[in-house]
file coords02.cif (mmCIF, C-alpha atoms)
data_upload
loop_
_atom_site.group_PDB
_atom_site.id
_atom_site.type_symbol
_atom_site.label_atom_id
_atom_site.label_comp_id
_atom_site.auth_asym_id
_atom_site.auth_seq_id
_atom_site.Cartn_x
_atom_site.Cartn_y
_atom_site.Cartn_z
ATOM 1 C CA MET V 1 -69.772 -42.856 -39.176
ATOM 2 C CA LYS V 2 -70.828 -46.279 -37.986
ATOM 3 C CA ASP V 3 -70.150 -46.984 -34.312
ATOM 4 C CA ILE V 4 -67.904 -50.059 -34.083
ATOM 5 C CA SER V 5 -66.886 -49.701 -30.425
ATOM 6 C CA LEU V 6 -66.696 -52.881 -28.371
ATOM 7 C CA VAL V 7 -69.112 -51.427 -25.825
ATOM 8 C CA ARG V 8 -71.948 -51.973 -28.321
ATOM 9 C CA LEU V 9 -71.222 -55.710 -28.244
ATOM 10 C CA LEU V 10 -71.962 -55.912 -24.516
ATOM 11 C CA PRO V 11 -75.535 -56.180 -23.240
ATOM 12 C CA VAL V 12 -76.917 -53.010 -21.679
ATOM 13 C CA GLU V 13 -78.504 -54.851 -18.738
ATOM 14 C CA PRO V 14 -76.920 -58.313 -18.469
ATOM 15 C CA LYS V 15 -78.764 -60.887 -16.378
ATOM 16 C CA VAL V 16 -76.258 -63.697 -15.974
ATOM 17 C CA PRO V 17 -77.149 -65.956 -12.986
ATOM 18 C CA PHE V 18 -73.702 -65.821 -11.356
ATOM 19 C CA ILE V 19 -74.931 -66.541 -7.835
ATOM 20 C CA SER V 20 -76.857 -69.595 -9.058
ATOM 21 C CA LEU V 21 -73.514 -70.986 -10.266
ATOM 22 C CA ARG V 22 -71.774 -70.428 -6.934
ATOM 23 C CA LEU V 23 -71.796 -74.108 -5.902
ATOM 24 C CA VAL V 24 -70.214 -75.199 -9.186
ATOM 25 C CA ALA V 25 -67.630 -72.414 -8.857
ATOM 26 C CA ALA V 26 -66.949 -73.411 -5.238
ATOM 27 C CA VAL V 27 -66.235 -77.013 -6.237
ATOM 28 C CA LEU V 28 -63.895 -75.871 -9.042
ATOM 29 C CA SER V 29 -62.073 -73.469 -6.711
ATOM 30 C CA VAL V 30 -61.623 -76.061 -3.951
ATOM 31 C CA LEU V 31 -60.313 -78.638 -6.437
ATOM 32 C CA ALA V 32 -57.933 -76.066 -7.945
ATOM 33 C CA LEU V 33 -56.673 -75.076 -4.486
ATOM 34 C CA ILE V 34 -56.107 -78.696 -3.483
ATOM 35 C CA ALA V 35 -54.268 -79.358 -6.745
ATOM 36 C CA SER V 36 -52.104 -76.241 -6.248
ATOM 37 C CA VAL V 37 -51.129 -77.219 -2.708
ATOM 38 C CA PHE V 38 -50.414 -80.794 -3.845
ATOM 39 C CA LEU V 39 -48.207 -79.610 -6.699
ATOM 40 C CA PHE V 40 -46.333 -77.202 -4.430
ATOM 41 C CA THR V 41 -45.643 -79.862 -1.787
ATOM 42 C CA THR V 42 -44.643 -82.568 -4.286
ATOM 43 C CA ARG V 43 -42.976 -80.725 -7.182
ATOM 44 C CA GLY V 44 -42.116 -77.442 -5.533
ATOM 45 C CA LEU V 45 -41.155 -74.331 -7.473
ATOM 46 C CA ASN V 46 -38.362 -73.806 -9.961
ATOM 47 C CA TYR V 47 -36.640 -71.112 -7.910
ATOM 48 C CA GLY V 48 -34.382 -68.713 -9.762
ATOM 49 C CA ILE V 49 -30.983 -67.512 -8.658
ATOM 50 C CA ASP V 50 -32.635 -64.794 -6.574
ATOM 51 C CA PHE V 51 -33.913 -67.518 -4.204
ATOM 52 C CA THR V 52 -31.384 -70.343 -4.582
ATOM 53 C CA GLY V 53 -28.133 -68.471 -5.045
ATOM 54 C CA GLY V 54 -25.727 -68.916 -7.930
ATOM 55 C CA THR V 55 -23.634 -67.059 -10.471
ATOM 56 C CA VAL V 56 -24.555 -64.465 -13.089
ATOM 57 C CA ILE V 57 -22.299 -63.706 -16.050
ATOM 58 C CA GLU V 58 -22.887 -60.954 -18.607
ATOM 59 C CA ILE V 59 -20.997 -61.447 -21.864
ATOM 60 C CA ASP V 60 -20.610 -59.371 -25.023
ATOM 61 C CA THR V 61 -19.988 -61.423 -28.159
ATOM 62 C CA GLY V 62 -19.353 -58.329 -30.279
ATOM 63 C CA SER V 63 -22.496 -58.832 -32.370
ATOM 64 C CA ALA V 64 -26.120 -59.905 -32.066
ATOM 65 C CA PRO V 65 -25.982 -63.046 -29.874
ATOM 66 C CA ASP V 66 -27.368 -66.439 -30.868
ATOM 67 C CA LEU V 67 -29.377 -67.213 -27.710
ATOM 68 C CA ASP V 68 -30.395 -70.736 -28.757
ATOM 69 C CA LYS V 69 -26.796 -71.705 -29.405
ATOM 70 C CA ILE V 70 -25.693 -70.258 -26.065
ATOM 71 C CA ARG V 71 -28.485 -72.094 -24.218
ATOM 72 C CA VAL V 72 -27.473 -75.423 -25.782
ATOM 73 C CA THR V 73 -23.795 -74.822 -24.997
ATOM 74 C CA VAL V 74 -24.452 -73.947 -21.347
ATOM 75 C CA ALA V 75 -26.757 -76.962 -20.941
ATOM 76 C CA GLU V 76 -24.149 -79.295 -22.470
ATOM 77 C CA ALA V 77 -21.563 -77.844 -20.093
ATOM 78 C CA GLY V 78 -23.579 -79.357 -17.252
ATOM 79 C CA PHE V 79 -26.013 -76.579 -16.351
ATOM 80 C CA PRO V 80 -29.388 -77.394 -17.944
ATOM 81 C CA GLY V 81 -31.181 -75.223 -15.359
ATOM 82 C CA ALA V 82 -29.295 -72.078 -16.366
ATOM 83 C CA THR V 83 -31.185 -69.052 -17.669
ATOM 84 C CA VAL V 84 -30.041 -67.169 -20.775
ATOM 85 C CA GLN V 85 -31.465 -63.690 -21.352
ATOM 86 C CA ASN V 86 -30.987 -61.075 -24.031
ATOM 87 C CA ILE V 87 -29.998 -57.668 -22.586
ATOM 88 C CA ALA V 88 -30.623 -54.454 -24.506
ATOM 89 C CA PRO V 89 -27.564 -52.185 -24.952
ATOM 90 C CA ASP V 90 -26.967 -49.206 -22.679
ATOM 91 C CA GLN V 91 -26.783 -46.024 -24.727
ATOM 92 C CA ALA V 92 -24.307 -44.511 -22.287
ATOM 93 C CA THR V 93 -21.684 -47.169 -23.120
ATOM 94 C CA GLY V 94 -21.964 -46.703 -26.876
ATOM 95 C CA VAL V 95 -22.682 -50.409 -27.461
ATOM 96 C CA ASP V 96 -24.899 -50.847 -30.524
ATOM 97 C CA HIS V 97 -25.842 -54.520 -30.093
ATOM 98 C CA ASP V 98 -27.401 -56.752 -27.464
ATOM 99 C CA TYR V 99 -25.413 -58.793 -24.992
ATOM 100 C CA VAL V 100 -26.255 -61.861 -22.923
ATOM 101 C CA ARG V 101 -26.849 -62.609 -19.241
ATOM 102 C CA VAL V 102 -26.288 -66.216 -18.173
ATOM 103 C CA GLY V 103 -27.571 -67.282 -14.744
ATOM 104 C CA ILE V 104 -26.175 -70.487 -13.249
ATOM 105 C CA PRO V 105 -27.941 -71.969 -10.169
ATOM 106 C CA LEU V 106 -25.984 -72.567 -6.949
ATOM 107 C CA GLN V 107 -23.828 -75.679 -7.010
ATOM 108 C CA ILE V 108 -22.418 -77.766 -4.166
ATOM 109 C CA GLU V 109 -19.065 -76.576 -2.835
ATOM 110 C CA THR V 110 -16.058 -78.683 -3.865
ATOM 111 C CA GLU V 111 -13.689 -79.503 -0.997
ATOM 112 C CA GLU V 112 -10.924 -80.967 -3.191
ATOM 113 C CA THR V 113 -9.749 -77.661 -4.638
ATOM 114 C CA GLY V 114 -10.983 -75.322 -1.929
ATOM 115 C CA ALA V 115 -12.740 -73.197 -4.540
ATOM 116 C CA THR V 116 -16.428 -72.475 -4.399
ATOM 117 C CA ALA V 117 -18.705 -74.175 -6.871
ATOM 118 C CA GLN V 118 -19.812 -70.764 -8.210
ATOM 119 C CA GLN V 119 -16.276 -70.018 -9.324
ATOM 120 C CA LEU V 120 -15.869 -73.439 -10.904
ATOM 121 C CA ALA V 121 -19.250 -73.145 -12.619
ATOM 122 C CA MET V 122 -18.312 -69.722 -13.972
ATOM 123 C CA GLN V 123 -14.985 -71.010 -15.313
ATOM 124 C CA LYS V 124 -16.576 -74.107 -16.849
ATOM 125 C CA THR V 125 -19.287 -72.038 -18.534
ATOM 126 C CA THR V 126 -16.929 -69.433 -19.995
ATOM 127 C CA ASP V 127 -14.569 -72.147 -21.299
ATOM 128 C CA ALA V 128 -17.453 -73.976 -23.004
ATOM 129 C CA LEU V 129 -18.793 -70.760 -24.565
ATOM 130 C CA ARG V 130 -15.377 -69.691 -25.879
ATOM 131 C CA ALA V 131 -14.895 -73.110 -27.431
ATOM 132 C CA GLU V 132 -18.282 -72.896 -29.150
ATOM 133 C CA ILE V 133 -18.836 -69.240 -30.116
ATOM 134 C CA GLY V 134 -15.315 -67.802 -29.955
ATOM 135 C CA ASP V 135 -13.852 -65.111 -27.746
ATOM 136 C CA PHE V 136 -16.062 -62.585 -25.961
ATOM 137 C CA GLU V 137 -15.884 -59.835 -23.355
ATOM 138 C CA ILE V 138 -17.120 -60.489 -19.829
ATOM 139 C CA ARG V 139 -18.966 -57.292 -18.953
ATOM 140 C CA ASN V 140 -19.969 -58.299 -15.432
ATOM 141 C CA GLN V 141 -19.960 -61.314 -13.140
ATOM 142 C CA GLU V 142 -21.398 -61.737 -9.657
ATOM 143 C CA SER V 143 -22.384 -64.463 -7.223
ATOM 144 C CA VAL V 144 -25.424 -64.665 -4.954
ATOM 145 C CA GLY V 145 -24.868 -66.738 -1.828
ATOM 146 C CA SER V 146 -27.455 -69.030 -0.244
ATOM 147 C CA GLN V 147 -27.737 -66.764 2.827
ATOM 148 C CA VAL V 148 -28.636 -63.738 0.694
ATOM 149 C CA SER V 149 -31.075 -65.757 -1.420
ATOM 150 C CA GLY V 150 -32.757 -67.141 1.725
ATOM 151 C CA GLU V 151 -33.238 -63.610 3.025
ATOM 152 C CA LEU V 152 -34.763 -62.548 -0.296
ATOM 153 C CA ARG V 153 -37.184 -65.464 -0.097
ATOM 154 C CA ARG V 154 -38.264 -64.514 3.421
ATOM 155 C CA LYS V 155 -38.712 -60.867 2.486
ATOM 156 C CA GLY V 156 -40.734 -61.804 -0.601
ATOM 157 C CA LEU V 157 -43.059 -63.948 1.509
ATOM 158 C CA MET V 158 -43.293 -61.153 4.074
ATOM 159 C CA ALA V 159 -44.211 -58.637 1.360
ATOM 160 C CA VAL V 160 -47.129 -60.776 0.201
ATOM 161 C CA GLY V 161 -48.301 -61.364 3.786
ATOM 162 C CA ILE V 162 -48.172 -57.668 4.697
ATOM 163 C CA ALA V 163 -50.052 -56.777 1.508
ATOM 164 C CA LEU V 164 -52.858 -59.204 2.366
ATOM 165 C CA PHE V 165 -53.063 -57.922 5.955
ATOM 166 C CA MET V 166 -53.267 -54.291 4.804
ATOM 167 C CA VAL V 167 -56.022 -55.248 2.366
ATOM 168 C CA LEU V 168 -58.001 -56.824 5.219
ATOM 169 C CA ALA V 169 -57.592 -53.682 7.350
ATOM 170 C CA TYR V 170 -58.559 -51.327 4.504
ATOM 171 C CA ILE V 171 -61.663 -53.231 3.395
ATOM 172 C CA TRP V 172 -62.765 -53.773 7.010
ATOM 173 C CA PHE V 173 -62.469 -50.018 7.629
ATOM 174 C CA ARG V 174 -64.244 -49.031 4.418
ATOM 175 C CA PHE V 175 -67.042 -51.617 4.519
ATOM 176 C CA GLU V 176 -67.794 -54.281 7.150
ATOM 177 C CA TRP V 177 -65.742 -57.220 8.392
ATOM 178 C CA GLN V 178 -67.543 -59.636 6.051
ATOM 179 C CA PHE V 179 -66.296 -57.626 3.060
ATOM 180 C CA GLY V 180 -62.738 -57.536 4.398
ATOM 181 C CA LEU V 181 -62.614 -61.261 5.115
ATOM 182 C CA GLY V 182 -64.222 -62.088 1.768
ATOM 183 C CA ALA V 183 -61.690 -59.957 -0.118
ATOM 184 C CA VAL V 184 -58.701 -61.499 1.679
ATOM 185 C CA ILE V 185 -59.951 -65.060 1.110
ATOM 186 C CA ALA V 186 -60.358 -64.235 -2.591
ATOM 187 C CA LEU V 187 -56.807 -62.838 -2.700
ATOM 188 C CA PHE V 188 -55.424 -65.937 -0.954
ATOM 189 C CA HIS V 189 -57.277 -67.936 -3.620
ATOM 190 C CA ASP V 190 -55.534 -65.957 -6.379
ATOM 191 C CA VAL V 191 -52.063 -66.210 -4.819
ATOM 192 C CA ILE V 192 -52.293 -69.965 -4.175
ATOM 193 C CA LEU V 193 -53.536 -70.676 -7.709
ATOM 194 C CA THR V 194 -50.705 -68.566 -9.144
ATOM 195 C CA ILE V 195 -48.143 -70.530 -7.135
ATOM 196 C CA GLY V 196 -49.852 -73.737 -8.266
ATOM 197 C CA VAL V 197 -49.609 -72.870 -11.955
ATOM 198 C CA PHE V 198 -45.903 -72.024 -11.567
ATOM 199 C CA SER V 199 -45.377 -75.349 -9.823
ATOM 200 C CA LEU V 200 -47.194 -77.095 -12.680
ATOM 201 C CA THR V 201 -45.332 -75.336 -15.512
ATOM 202 C CA GLN V 202 -41.982 -75.189 -13.652
ATOM 203 C CA LEU V 203 -41.360 -71.697 -14.999
ATOM 204 C CA GLU V 204 -38.610 -69.887 -13.126
ATOM 205 C CA PHE V 205 -39.860 -68.333 -9.894
ATOM 206 C CA ASN V 206 -37.819 -65.243 -9.046
ATOM 207 C CA LEU V 207 -38.218 -61.762 -7.586
ATOM 208 C CA SER V 208 -40.041 -60.521 -10.677
ATOM 209 C CA ILE V 209 -42.734 -63.144 -10.023
ATOM 210 C CA ILE V 210 -43.109 -61.833 -6.471
ATOM 211 C CA ALA V 211 -43.652 -58.401 -8.029
ATOM 212 C CA ALA V 212 -46.225 -59.952 -10.376
ATOM 213 C CA ILE V 213 -48.062 -61.596 -7.447
ATOM 214 C CA LEU V 214 -48.246 -58.261 -5.619
ATOM 215 C CA THR V 215 -49.575 -56.673 -8.810
ATOM 216 C CA ILE V 216 -52.152 -59.464 -9.116
ATOM 217 C CA VAL V 217 -53.235 -58.759 -5.537
ATOM 218 C CA GLY V 218 -53.754 -55.101 -6.449
ATOM 219 C CA TYR V 219 -55.608 -55.874 -9.682
ATOM 220 C CA SER V 220 -57.886 -58.456 -8.074
ATOM 221 C CA LEU V 221 -58.557 -56.170 -5.114
ATOM 222 C CA ASN V 222 -59.507 -53.310 -7.428
ATOM 223 C CA ASP V 223 -61.969 -55.559 -9.235
ATOM 224 C CA THR V 224 -63.389 -56.839 -5.943
ATOM 225 C CA VAL V 225 -63.803 -53.352 -4.459
ATOM 226 C CA ILE V 226 -65.727 -52.215 -7.553
ATOM 227 C CA VAL V 227 -68.197 -55.087 -7.104
ATOM 228 C CA TYR V 228 -68.368 -54.587 -3.324
ATOM 229 C CA ASP V 229 -69.085 -50.883 -3.741
ATOM 230 C CA ARG V 230 -71.989 -51.671 -6.053
ATOM 231 C CA ILE V 231 -73.257 -54.301 -3.598
ATOM 232 C CA ARG V 232 -73.268 -51.709 -0.824
ATOM 233 C CA GLU V 233 -75.140 -49.211 -3.023
ATOM 234 C CA ASN V 234 -77.754 -51.792 -4.001
ATOM 235 C CA LEU V 235 -78.209 -52.909 -0.400
ATOM 236 C CA ARG V 236 -79.173 -49.319 0.409
ATOM 237 C CA LYS V 237 -81.343 -48.955 -2.677
ATOM 238 C CA PHE V 238 -83.183 -52.269 -2.539
ATOM 239 C CA LYS V 239 -83.667 -52.785 1.154
ATOM 240 C CA LYS V 240 -86.138 -55.689 0.895
ATOM 241 C CA MET V 241 -84.497 -57.511 -2.001
ATOM 242 C CA PRO V 242 -82.997 -60.888 -0.943
ATOM 243 C CA LEU V 243 -79.211 -60.854 -0.582
ATOM 244 C CA PRO V 244 -78.552 -63.370 -3.432
ATOM 245 C CA ASP V 245 -80.535 -61.156 -5.808
ATOM 246 C CA VAL V 246 -78.648 -58.053 -4.673
ATOM 247 C CA LEU V 247 -75.309 -59.808 -5.231
ATOM 248 C CA ASN V 248 -76.307 -61.014 -8.671
ATOM 249 C CA LEU V 249 -77.626 -57.589 -9.673
ATOM 250 C CA SER V 250 -74.429 -55.902 -8.486
ATOM 251 C CA ILE V 251 -72.150 -58.292 -10.389
ATOM 252 C CA ASN V 252 -74.168 -57.767 -13.562
ATOM 253 C CA ASP V 253 -74.119 -53.991 -13.062
ATOM 254 C CA THR V 254 -70.301 -54.016 -13.099
ATOM 255 C CA LEU V 255 -69.914 -56.774 -15.715
ATOM 256 C CA SER V 256 -69.263 -54.510 -18.717
ATOM 257 C CA ARG V 257 -66.623 -52.574 -16.793
ATOM 258 C CA THR V 258 -64.976 -55.840 -15.703
ATOM 259 C CA ILE V 259 -64.886 -57.246 -19.237
ATOM 260 C CA LEU V 260 -63.509 -54.085 -20.833
ATOM 261 C CA THR V 261 -60.846 -53.617 -18.150
ATOM 262 C CA SER V 262 -59.739 -57.246 -18.363
ATOM 263 C CA MET V 263 -59.615 -57.245 -22.168
ATOM 264 C CA THR V 264 -57.559 -54.051 -22.459
ATOM 265 C CA THR V 265 -55.164 -55.268 -19.755
ATOM 266 C CA LEU V 266 -54.789 -58.620 -21.515
ATOM 267 C CA LEU V 267 -53.961 -56.933 -24.829
ATOM 268 C CA ALA V 268 -51.057 -55.087 -23.222
ATOM 269 C CA LEU V 269 -49.857 -58.198 -21.387
ATOM 270 C CA LEU V 270 -50.027 -60.395 -24.489
ATOM 271 C CA ALA V 271 -47.887 -57.874 -26.360
ATOM 272 C CA LEU V 272 -45.425 -57.913 -23.453
ATOM 273 C CA TYR V 273 -45.397 -61.732 -23.408
ATOM 274 C CA ILE V 274 -44.818 -62.053 -27.158
ATOM 275 C CA LEU V 275 -42.422 -59.151 -27.716
ATOM 276 C CA GLY V 276 -40.861 -58.645 -24.294
ATOM 277 C CA GLY V 277 -38.266 -61.383 -24.602
ATOM 278 C CA ALA V 278 -37.281 -64.189 -22.238
ATOM 279 C CA GLY V 279 -36.491 -61.816 -19.383
ATOM 280 C CA LEU V 280 -40.111 -60.629 -19.095
ATOM 281 C CA ARG V 281 -41.855 -63.845 -20.082
ATOM 282 C CA GLY V 282 -42.332 -65.177 -16.559
ATOM 283 C CA PHE V 283 -43.619 -61.845 -15.260
ATOM 284 C CA SER V 284 -46.040 -61.338 -18.156
ATOM 285 C CA PHE V 285 -47.274 -64.939 -17.914
ATOM 286 C CA ALA V 286 -47.985 -64.478 -14.208
ATOM 287 C CA MET V 287 -49.871 -61.262 -14.940
ATOM 288 C CA ILE V 288 -51.956 -62.852 -17.721
ATOM 289 C CA TRP V 289 -52.891 -65.692 -15.388
ATOM 290 C CA GLY V 290 -53.588 -63.150 -12.648
ATOM 291 C CA VAL V 291 -56.061 -61.214 -14.808
ATOM 292 C CA PHE V 292 -58.068 -64.379 -15.447
ATOM 293 C CA VAL V 293 -58.008 -65.678 -11.887
ATOM 294 C CA GLY V 294 -58.540 -62.205 -10.374
ATOM 295 C CA THR V 295 -61.596 -61.559 -12.509
ATOM 296 C CA TYR V 296 -62.950 -65.017 -11.690
ATOM 297 C CA SER V 297 -62.428 -64.604 -7.936
ATOM 298 C CA SER V 298 -64.088 -61.183 -7.744
ATOM 299 C CA ILE V 299 -67.245 -62.683 -9.282
ATOM 300 C CA PHE V 300 -67.355 -66.287 -8.065
ATOM 301 C CA VAL V 301 -65.385 -66.154 -4.799
ATOM 302 C CA ALA V 302 -65.488 -62.734 -3.136
ATOM 303 C CA SER V 303 -69.176 -62.027 -3.764
ATOM 304 C CA PRO V 304 -70.722 -65.436 -2.836
ATOM 305 C CA LEU V 305 -68.602 -65.471 0.338
ATOM 306 C CA LEU V 306 -70.754 -62.615 1.655
ATOM 307 C CA MET V 307 -73.666 -65.062 1.816
ATOM 308 C CA LEU V 308 -71.548 -67.637 3.634
ATOM 309 C CA LEU V 309 -70.379 -64.978 6.105
ATOM 310 C CA LYS V 310 -74.021 -63.922 6.678
ATOM 311 C CA LEU V 311 -73.695 -60.283 5.678
ATOM 312 C CA LYS V 312 -76.235 -58.026 7.403
ATOM 313 C CA ARG V 313 -77.476 -54.619 6.357
ATOM 314 C CA GLY V 314 -75.438 -52.623 8.877
ATOM 315 C CA ALA V 315 -74.225 -49.069 9.132
ATOM 316 C CA ASN V 316 -71.764 -49.457 6.287
ATOM 317 C CA THR V 317 -74.071 -51.302 3.925
ATOM 318 C CA GLY V 318 -77.662 -50.212 4.284
ATOM 319 C CA ALA V 319 -79.538 -47.071 5.193
ATOM 320 C CA PRO V 320 -83.239 -46.294 5.043
ATOM 321 C CA SER V 321 -84.224 -45.743 1.430
ATOM 322 C CA GLU V 322 -86.825 -46.525 -1.136
ATOM 323 C CA ASP V 323 -87.463 -50.220 -1.669
ATOM 324 C CA ALA V 324 -87.337 -52.003 -4.997
#
call {"tool": "encode", "arguments": {"input": "coords02.cif", "output": "structure tokens"}}
result
Amino acid sequence: MKDISLVRLLPVEPKVPFISLRLVAAVLSVLALIASVFLFTTRGLNYGIDFTGGTVIEIDTGSAPDLDKIRVTVAEAGFPGATVQNIAPDQATGVDHDYVRVGIPLQIETEETGATAQQLAMQKTTDALRAEIGDFEIRNQESVGSQVSGELRRKGLMAVGIALFMVLAYIWFRFEWQFGLGAVIALFHDVILTIGVFSLTQLEFNLSIIAAILTIVGYSLNDTVIVYDRIRENLRKFKKMPLPDVLNLSINDTLSRTILTSMTTLLALLALYILGGAGLRGFSFAMIWGVFVGTYSSIFVASPLLMLLKLKRGANTGAPSEDA
């Protein structure tokens, strides 16, 4: 049988001059970082209810819901920023059709009636939906206050910060401080660019996106550690080879593994993005972006930074061995 595996399409010993392109990559990365920070400070993020507070209503129309019609109705009721998601039925309840979750962002409190804006928004939304699609059952309704949402935002930021600090400690312990600092700078690069792309697209930024960012950190770190491990091996093996040549050789040695891992991960994420529905679209988009930017940073950011940080052949990188 003819071998049609994708591995055959990759060169056995690639010799791509990655390190020679480091200045071009550095300019692109700096421009992208500046653009991301500018977008975040000027446009901000489209925070979801998790971070802003608001009201969530789950309704059962008795049949397969028309999400587009519900979205238009909620927007016309005065809540264009509301999210409408399709929820799969719970087998335990015996429901055989999907129902809908409507998320309404936090509104300003109304002093005239003494009622909170969440309650008024909930009433206004349900009235508009009943007038448009008929009667329905309210399966669940809950409100998230601004104090709770602020705490979630702080904890999400703390989770990302702790993850980056633990990465620095782990890489520093396993390799040398230049490796640890290079890995953390690359991860900061990935996180900032992810926040920048969400600021640009104004996709909803909620707790699931925080989970995606933490997953991106793990994916990018895994890719970076693979390259760093090969760099350390080649520093031992080729003791007199110049550092730029060692870095380039190491990146090319791991290139086929990087391409295959990224491609298989992207296939799964694309399927999740296309078939996963609106509820998973933000998460899967963040992950797809993270695969691209994580792969890029492990090659063009983490590795060239070792030259900038003046990596030496120390106890964790080089030992007496046969020269090249």
call {"tool": "closest_residue", "arguments": {"input": "coords02.cif", "among": "V:Leu266, V:Leu305, V:Ile70, V:Ile259", "to": "Arg22 of chain V", "atoms": "all atoms listed in the file"}}
result
V:Leu305
call {"tool": "closest_residue", "arguments": {"input": "coords02.cif", "among": "V:Asp127, V:Glu204, V:Asp245, V:Asp190", "to": "Thr295 of chain V", "atoms": "all atoms listed in the file"}}
result
V:Asp190
call {"tool": "residues_near_point", "arguments": {"input": "coords02.cif", "point": "(-57.0, -59.1, -8.2)", "cutoff": "9 Å", "atoms": "only C-alpha atoms", "output": "PyMOL selection string"}}
result
chain V and resi 186-187+190+215-224+290-291+293-295+297-298
call {"tool": "write_last_selection", "arguments": {"input": "coords02.cif", "atoms": "C-alpha atoms", "output": "mmCIF file, in the coordinates of the input"}}
result
data_model
loop_
_atom_site.group_PDB
_atom_site.id
_atom_site.type_symbol
_atom_site.label_atom_id
_atom_site.label_comp_id
_atom_site.auth_asym_id
_atom_site.auth_seq_id
_atom_site.Cartn_x
_atom_site.Cartn_y
_atom_site.Cartn_z
ATOM 1 C CA ALA V 186 -60.358 -64.235 -2.591
ATOM 2 C CA LEU V 187 -56.807 -62.838 -2.700
ATOM 3 C CA ASP V 190 -55.534 -65.957 -6.379
ATOM 4 C CA THR V 215 -49.575 -56.673 -8.810
ATOM 5 C CA ILE V 216 -52.152 -59.464 -9.116
ATOM 6 C CA VAL V 217 -53.235 -58.759 -5.537
ATOM 7 C CA GLY V 218 -53.754 -55.101 -6.449
ATOM 8 C CA TYR V 219 -55.608 -55.874 -9.682
ATOM 9 C CA SER V 220 -57.886 -58.456 -8.074
ATOM 10 C CA LEU V 221 -58.557 -56.170 -5.114
ATOM 11 C CA ASN V 222 -59.507 -53.310 -7.428
ATOM 12 C CA ASP V 223 -61.969 -55.559 -9.235
ATOM 13 C CA THR V 224 -63.389 -56.839 -5.943
ATOM 14 C CA GLY V 290 -53.588 -63.150 -12.648
ATOM 15 C CA VAL V 291 -56.061 -61.214 -14.808
ATOM 16 C CA VAL V 293 -58.008 -65.678 -11.887
ATOM 17 C CA GLY V 294 -58.540 -62.205 -10.374
ATOM 18 C CA THR V 295 -61.596 -61.559 -12.509
ATOM 19 C CA SER V 297 -62.428 -64.604 -7.936
ATOM 20 C CA SER V 298 -64.088 -61.183 -7.744
#
call {"tool": "residues_around", "arguments": {"input": "coords02.cif", "residues": "Leu270 of chain V", "least_positions_apart": "6", "cutoff": "12 Å", "atoms": "all atoms listed in the file", "output": "ChimeraX atom specification"}}
result
/V:262-264,276-277,280-281,283-289,291
call {"tool": "residues_near_point", "arguments": {"input": "coords02.cif", "point": "(-71.0, -70.7, -8.0)", "cutoff": "12 Å", "atoms": "only C-alpha atoms", "output": "ChimeraX atom specification"}}
result
/V:16-30,244,248,296-305,307
call {"tool": "resolve_selection", "arguments": {"input": "coords02.cif", "expression": "the PyMOL selection byres ((chain V and resi 179) around 12)", "output": "PyMOL selection string"}}
result
chain V and resi 167-178+180-186+221+224-229+231-232+298+301-312+314+316-317
call {"tool": "write_last_selection", "arguments": {"input": "coords02.cif", "atoms": "C-alpha atoms", "output": "mmCIF file, in the coordinates of the input"}}
result
data_model
loop_
_atom_site.group_PDB
_atom_site.id
_atom_site.type_symbol
_atom_site.label_atom_id
_atom_site.label_comp_id
_atom_site.auth_asym_id
_atom_site.auth_seq_id
_atom_site.Cartn_x
_atom_site.Cartn_y
_atom_site.Cartn_z
ATOM 1 C CA VAL V 167 -56.022 -55.248 2.366
ATOM 2 C CA LEU V 168 -58.001 -56.824 5.219
ATOM 3 C CA ALA V 169 -57.592 -53.682 7.350
ATOM 4 C CA TYR V 170 -58.559 -51.327 4.504
ATOM 5 C CA ILE V 171 -61.663 -53.231 3.395
ATOM 6 C CA TRP V 172 -62.765 -53.773 7.010
ATOM 7 C CA PHE V 173 -62.469 -50.018 7.629
ATOM 8 C CA ARG V 174 -64.244 -49.031 4.418
ATOM 9 C CA PHE V 175 -67.042 -51.617 4.519
ATOM 10 C CA GLU V 176 -67.794 -54.281 7.150
ATOM 11 C CA TRP V 177 -65.742 -57.220 8.392
ATOM 12 C CA GLN V 178 -67.543 -59.636 6.051
ATOM 13 C CA GLY V 180 -62.738 -57.536 4.398
ATOM 14 C CA LEU V 181 -62.614 -61.261 5.115
ATOM 15 C CA GLY V 182 -64.222 -62.088 1.768
ATOM 16 C CA ALA V 183 -61.690 -59.957 -0.118
ATOM 17 C CA VAL V 184 -58.701 -61.499 1.679
ATOM 18 C CA ILE V 185 -59.951 -65.060 1.110
ATOM 19 C CA ALA V 186 -60.358 -64.235 -2.591
ATOM 20 C CA LEU V 221 -58.557 -56.170 -5.114
ATOM 21 C CA THR V 224 -63.389 -56.839 -5.943
ATOM 22 C CA VAL V 225 -63.803 -53.352 -4.459
ATOM 23 C CA ILE V 226 -65.727 -52.215 -7.553
ATOM 24 C CA VAL V 227 -68.197 -55.087 -7.104
ATOM 25 C CA TYR V 228 -68.368 -54.587 -3.324
ATOM 26 C CA ASP V 229 -69.085 -50.883 -3.741
ATOM 27 C CA ILE V 231 -73.257 -54.301 -3.598
ATOM 28 C CA ARG V 232 -73.268 -51.709 -0.824
ATOM 29 C CA SER V 298 -64.088 -61.183 -7.744
ATOM 30 C CA VAL V 301 -65.385 -66.154 -4.799
ATOM 31 C CA ALA V 302 -65.488 -62.734 -3.136
ATOM 32 C CA SER V 303 -69.176 -62.027 -3.764
ATOM 33 C CA PRO V 304 -70.722 -65.436 -2.836
ATOM 34 C CA LEU V 305 -68.602 -65.471 0.338
ATOM 35 C CA LEU V 306 -70.754 -62.615 1.655
ATOM 36 C CA MET V 307 -73.666 -65.062 1.816
ATOM 37 C CA LEU V 308 -71.548 -67.637 3.634
ATOM 38 C CA LEU V 309 -70.379 -64.978 6.105
ATOM 39 C CA LYS V 310 -74.021 -63.922 6.678
ATOM 40 C CA LEU V 311 -73.695 -60.283 5.678
ATOM 41 C CA LYS V 312 -76.235 -58.026 7.403
ATOM 42 C CA GLY V 314 -75.438 -52.623 8.877
ATOM 43 C CA ASN V 316 -71.764 -49.457 6.287
ATOM 44 C CA THR V 317 -74.071 -51.302 3.925
#
